[in-house]
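The structure appears below as structure tokens.
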Amino acid sequence: MHIIIAGTARSGKTTLSLMLKDKGYVHYKMDSFKRGMCKAYDLYYDDWEPLSSKMAIIMNQMILDNKTDIVYEQENYLFDIPFLYPKDVHLINTEDTIVIFLGYAHITAEENFANIRKYDTDNLFTSKASDEQLMIWCKQNVKHSKYLEKECQRLNIKYFDTSVNRRKVLKDVIKYIEEMEKKTRERNC
């Protein structure tokens with residue numbers, strides 16, 4: 001079983017990934033992969049939507065290769081990706097992969113800004129942003145969260161809103177993942 005945790009920046013993707021590490025998942029931070037590719041090929045992206053389908057294809061190939069590799073059924077992948085769009089999930093074989101989206105569609109940009117500053121640490125990219133730049137990102141990210149929520153509903157993809165009581169929501173996500181894992185095991189028996 002593999003998991004793809006997609007969604008808006010600072011919505012809890014990496015936190016959730018760390019909560020799942022004891023379950024033995026191999027964690028891939030696709031944002032790091034993207035930054036490496038951009039650096040290696042001297043690319044700059046301001047609009048991530050065109051990259052979404054390419055990343056979906058890459059993740060799908062990694063999942064397919066897992067089935068033909070010596071590590072088959074020994075490694076379960078967990079992809080943490082901020083720039084996958086719901087419209088591109090169809091490019092991924094979801095037979096043994098759970099795809100969920102996280103966002104914060106039910107708060108204002110100002111509330112998002114306050115939350116980010118409250119929990120910022122020196123290693124997070126947002127800590128290096130000016131207040132003005134962070135507010136621009138917060139407005140974009142709340143708008144993006146609303147888009148993700150709407151598209152996930154339209155495409156019947158699981159979306160979890162981390163606007164309020166994020167810890168509880170992430171625990172609910174883990175319960176959902178455990179239920180989906182159990183259903184997949186039962187189906188494959």
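To be explicit about the labels: the chains of the structure tokens are called A, B, and onward in the order shown, and within each one the residues are counted from 1, while ligands get numbers from 1 in the order they are shown.
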Query raised in the report: Per DSSP on the backbone, what are the alpha helix (DSSP H) residues of segment 2-152 of chain A, as a ChimeraX atom specification?
Result: /A:13-19,30-40,49-68,109-119,131-152
Report task. Identify, on the basis of only C-alpha atoms, every residue whose closest approach to Tyr119 of chain A does not exceed 12 Å; exclude the query and any residue fewer than 5 positions from it along the same chain; express the result as a list in words. Result -> Arg10, Ser11, Gly12, Asn112, Phe113, Ala114, Leu124, Thr126 and Ser127 of chain A
Just N, CA and C atoms for this one: save the residues we selected as an mmCIF file, in the first residue's frame.
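So the final result, stored in part13.cif, reads:
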```cif
data_model
loop_
_atom_site.group_PDB
_atom_site.id
_atom_site.type_symbol
_atom_site.label_atom_id
_atom_site.label_comp_id
_atom_site.auth_asym_id
_atom_site.auth_seq_id
_atom_site.Cartn_x
_atom_site.Cartn_y
_atom_site.Cartn_z
ATOM 1 N N ARG A 10 2.015 24.085 3.915
ATOM 2 C CA ARG A 10 1.812 24.300 5.350
ATOM 3 C C ARG A 10 0.431 23.850 5.833
ATOM 4 N N SER A 11 -0.125 22.815 5.178
ATOM 5 C CA SER A 11 -1.437 22.285 5.600
ATOM 6 C C SER A 11 -1.309 21.040 6.459
ATOM 7 N N GLY A 12 -0.083 20.528 6.655
ATOM 8 C CA GLY A 12 0.111 19.372 7.523
ATOM 9 C C GLY A 12 0.628 18.132 6.819
ATOM 10 N N ASN A 112 -4.565 32.303 8.520
ATOM 11 C CA ASN A 112 -3.489 31.446 8.019
ATOM 12 C C ASN A 112 -2.127 32.070 8.327
ATOM 13 N N PHE A 113 -2.001 33.357 8.097
ATOM 14 C CA PHE A 113 -0.767 34.082 8.385
ATOM 15 C C PHE A 113 -0.400 33.943 9.870
ATOM 16 N N ALA A 114 -1.374 34.173 10.742
ATOM 17 C CA ALA A 114 -1.135 34.083 12.192
ATOM 18 C C ALA A 114 -0.707 32.667 12.588
ATOM 19 N N LEU A 124 11.947 26.362 8.256
ATOM 20 C CA LEU A 124 10.823 26.428 7.318
ATOM 21 C C LEU A 124 10.974 27.617 6.380
ATOM 22 N N THR A 126 8.855 29.550 5.173
ATOM 23 C CA THR A 126 8.030 30.708 5.516
ATOM 24 C C THR A 126 8.708 31.616 6.539
ATOM 25 N N SER A 127 9.603 31.072 7.343
ATOM 26 C CA SER A 127 10.287 31.886 8.349
ATOM 27 C C SER A 127 11.224 32.903 7.704
#
```
Requested in this report: Write out as an MDAnalysis selection string each polymer residue whose atoms come within 12 Å of Leu91 of chain A, counting only C-alpha atoms; drop sequence neighbours fewer than 5 positions from it.
Outcome: chainID A and resid 52:61 63 84:86 97 99
May I have the selected residues written with C-alpha atoms, as a short mmCIF file (atom, residue, chain, number, x, y, z; two decimals), in the first residue's frame?
```cif
data_model
loop_
_atom_site.label_atom_id
_atom_site.label_comp_id
_atom_site.auth_asym_id
_atom_site.auth_seq_id
_atom_site.Cartn_x
_atom_site.Cartn_y
_atom_site.Cartn_z
CA SER A 52 1.38 18.36 -11.67
CA SER A 53 0.84 15.82 -14.44
CA LYS A 54 4.58 15.19 -14.76
CA MET A 55 4.90 14.53 -11.03
CA ALA A 56 1.87 12.22 -11.13
CA ILE A 57 3.56 10.20 -13.88
CA ILE A 58 6.84 10.05 -11.90
CA MET A 59 5.09 8.86 -8.72
CA ASN A 60 3.07 6.31 -10.68
CA GLN A 61 6.24 4.94 -12.29
CA ILE A 63 4.89 2.69 -7.62
CA LEU A 84 -0.30 17.66 -7.40
CA TYR A 85 -3.70 18.73 -8.67
CA PRO A 86 -6.82 16.56 -8.33
CA THR A 97 -2.39 3.74 -3.49
CA VAL A 99 -4.54 9.65 -2.39
#
```
Query raised in the report: What does the distance from atom CA of Ile4 of chain A to atom CA of Phe79 of chain A come to in Å, to one decimal?
Result: 4.7 Å
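Taking the backbone of this structure through DSSP, the residues of chain A that come out as strand (DSSP E or B) are His2, Ile3, Ile4, Ile5, Ala6, Gly7, Tyr25, Val26, His27, Tyr28, Lys29, Asn76, Tyr77, Leu78, Phe79, Asp80, Ile81, Thr97, Ile98, Val99, Ile100, Phe101, Leu102, Gly103, Lys158, Tyr159, Phe160 and Asp161 of chain A.
You can rank A:Lys34, A:Lys158, A:Lys29, A:Arg185 by their closest distance to Ile100 of chain A using only C-alpha atoms, and at the top of that list sits A:Lys158.
Minimum distance to Thr94 of chain A across A:Ala9, A:Met19, A:Leu64, A:Leu148 (counting only C-alpha atoms) occurs at A:Leu64.
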**Report entry** From A:Asp96, A:Asp131, A:Asp22, A:Asp122, residue lying nearest Lys183 of chain A [only C-alpha atoms]
**Finding:** A:Asp96
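Coordinates place atom CA of His90 of chain A at a distance of 26.6 Å from atom CA of His106 of chain A.
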Requested in this report: Please identify all polymer residues within 6 Å of Thr162 of chain A, counting only C-alpha atoms, omitting same-chain residues fewer than 4 positions from it, and present them as an MDAnalysis selection string.
Outcome: chainID A and resid 103:104 166
Query - Close residues, Tyr147 of chain A itself excluded, 10 Å, only C-alpha atoms, min 4 positions apart in chain, as a PyMOL selection string - result: chain A and resi 85-86+103+105+141-143+151-153
Query raised in the report: What lies within 12 Å of Ile3 of chain A using only C-alpha atoms, ignoring chain neighbours under 6 positions off, as a ChimeraX atom specification?
Result: /A:13,16-17,20-21,23-28,59-60,63,75-81,92-101,173-174,176-178,180-181
Go ahead and dump the residues you just picked, C-alpha atoms, as a tab-separated table (two decimals), in the first residue's frame.
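The result, stored in selection-v3.tsv:
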```tsv
chain	number	residue	atom	x	y	z
A	13	LYS	CA	1.49	17.07	4.81
A	16	LEU	CA	1.18	13.71	8.81
A	17	SER	CA	4.04	11.92	7.05
A	20	LEU	CA	2.97	7.68	9.76
A	21	LYS	CA	6.70	6.88	9.80
A	23	LYS	CA	4.11	2.29	10.01
A	24	GLY	CA	7.20	1.71	7.87
A	25	TYR	CA	6.56	4.00	4.93
A	26	VAL	CA	9.46	5.25	2.83
A	27	HIS	CA	8.86	9.01	2.84
A	28	TYR	CA	9.53	10.99	-0.35
A	59	MET	CA	5.09	8.86	-8.72
A	60	ASN	CA	3.07	6.31	-10.68
A	63	ILE	CA	4.89	2.69	-7.62
A	75	GLU	CA	8.57	-1.03	0.88
A	76	ASN	CA	5.49	1.13	1.01
A	77	TYR	CA	5.92	4.63	-0.36
A	78	LEU	CA	4.56	7.82	1.11
A	79	PHE	CA	4.70	10.82	-1.22
A	80	ASP	CA	4.39	14.27	0.34
A	81	ILE	CA	3.62	16.66	-2.55
A	92	ILE	CA	-1.83	7.30	-10.96
A	93	ASN	CA	-2.84	3.69	-10.54
A	94	THR	CA	-4.77	3.98	-7.29
A	95	GLU	CA	-5.39	0.23	-7.01
A	96	ASP	CA	-2.94	0.03	-4.12
A	97	THR	CA	-2.39	3.74	-3.49
A	98	ILE	CA	-4.38	6.03	-1.20
A	99	VAL	CA	-4.54	9.65	-2.39
A	100	ILE	CA	-5.64	12.39	-0.02
A	101	PHE	CA	-5.51	16.17	-0.14
A	173	VAL	CA	-6.68	11.12	8.41
A	174	ILE	CA	-4.63	8.32	9.99
A	176	TYR	CA	-9.06	6.90	7.32
A	177	ILE	CA	-5.75	5.55	5.97
A	178	GLU	CA	-5.91	2.56	8.34
A	180	MET	CA	-8.41	2.02	3.51
A	181	GLU	CA	-5.39	-0.23	4.16
```
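Distance check against Leu155 of chain A using only C-alpha atoms: of A:Asp88, A:Asp42, A:Asp65, A:Glu49, the minimum falls on A:Asp88.
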